[in-house]
Structure formats: structure tokens, C-alpha cells
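First comes the structure, then the notes that go with it.
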Amino acid sequence: MSWTIDLTPGESLDLDHVLAVYRESGLGERRPVDDRQRMADMVRHANLVVVARDDDGRLIGIARSVSDFSYVTYLSDIAVVREHQGTGVGRALIDATRKEAPTAKIVLLSAPAATEYYPHIGFTAHNSAWVLNP
């Protein structure tokens with residue numbers, strides 16, 4: 001299986017394809033995938049979106065970030081459909097995100113099931129993250 005990685009404006013993506021990636025990756029369990037307007041806003045307002053597509057052009061992964069392109073990039077979501085997990089797609093999405101803002105640190109909140117993955121690819125844990133829910 002091969003794939004391509006592209007920088008893509010969020011508003012140009014088909015929302016149904018994006019929702020399919022979230023659902024097929026498992027990330028949809030922790031995102032408001034049943035609220036189409038909210039998901040559309042999340043993708044449209046992210047200022048750094050990188051996607052992965054298979055050879056047939058099907059969307060198989062997305063990295064959705066907010067960045068100042070200088071100091072920090074908050075990697076809000078990284079989702080890869082299950083059949084492509086473990087093949088390097090996630091790492092390629094992170095590398096492409098970093099390429100767009102090479103001097104910025106990447107910050108993310110890990111899904112519980114992925115806490116062992118991020119140290120493996122060079123991330124370090126940070127013990128003072130805080131969340132204020134709406």
C-alpha cells in the first residue's frame with residue numbers, strides 16, 4: 001500500500017470523507033462527529049491541515065493543526081484509518097506538519113491508546129498541560 005501526503009486547505013475537503021477518517025480511525029469516539037456543523041468549523045478554521053490519500057485518492061489520514069508558524073503548532077487531531085495504522089502514515093503526517101512550521105514546537109494531547117506511540121517517534125511528555133472545558 002502506498003499513499004501521498006499533501007497540504008490542503010481545510011475548507012476544500014469533503015466533510016463526509018473527513019468524518020469517515022475520524023470514524024474509521026477511532027478518533028471519532030472523542031470528537032463531535034455527529035455534529036456536522038461543528039466538525040466543519042473545526043476543519044475550516046484549522047490553519048494547517050495535512051492529509052494522506054491512498055493510490056485511489058481516498059482520504060486515509062488527516063493532521064489538523066493551529067499554528068503561529070514560529071513558536072508553536074498545536075496538533076489538534078491526527079487520525080489515520082485503521083487499515084493504514086502502523087504503516088508510517090501518521091509519522092508522515094507529523095513530518096509534513098513540522099515541515100510547514102520547522103521552527104515551531106509541536107504540542108498535542110494524546111489519545112489514551114496512543115500514549116506509547118508518541119515517545120517512540122520523538123515526543124517528550126509534558127506534565128503541566130491544563131484543560132478548561134466550555
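Lettering and numbering for the C-alpha cells are positional, with chains as A, B, ... in the shown order, residues counted from 1 in each chain, and ligands counted from 1 in the shown order.
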As a PyMOL selection string, please: every residue in chain A that a backbone DSSP assignment puts in strand (DSSP E or B). chain A and resi 3-7+48-54+59-67+72-80+105-107
Trp3 (chain A) environment, 6 Å, only C-alpha atoms, sequence neighbours closer than 5 positions dropped, as an NGL selection string: :A and (53-55)
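Closest approach to Val81 (chain A) among A:Gly61, A:Pro134, A:Pro32, A:Pro9: A:Gly61, based on only C-alpha atoms.
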Which residues are close to Val50 (chain A), i.e. within 8 Å by only C-alpha atoms, leaving aside same-chain residues fewer than 2 positions away? Reply as a PyMOL selection string. chain A and resi 5-8+48+52+62-64+93+96-97
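Within 12 Å of Arg98 (chain A), once only C-alpha atoms are used and residues closer than 6 positions along the same chain are dropped, the contacting residues are Leu7, Leu48, Val49, Val50, Ala63, Ser65, Ser67, Phe69, Ser70, Tyr71, Val72, Thr73, Tyr74, Leu75, Arg91, Ala92, Ala104, Lys105, Ile106 and Val107 of chain A.
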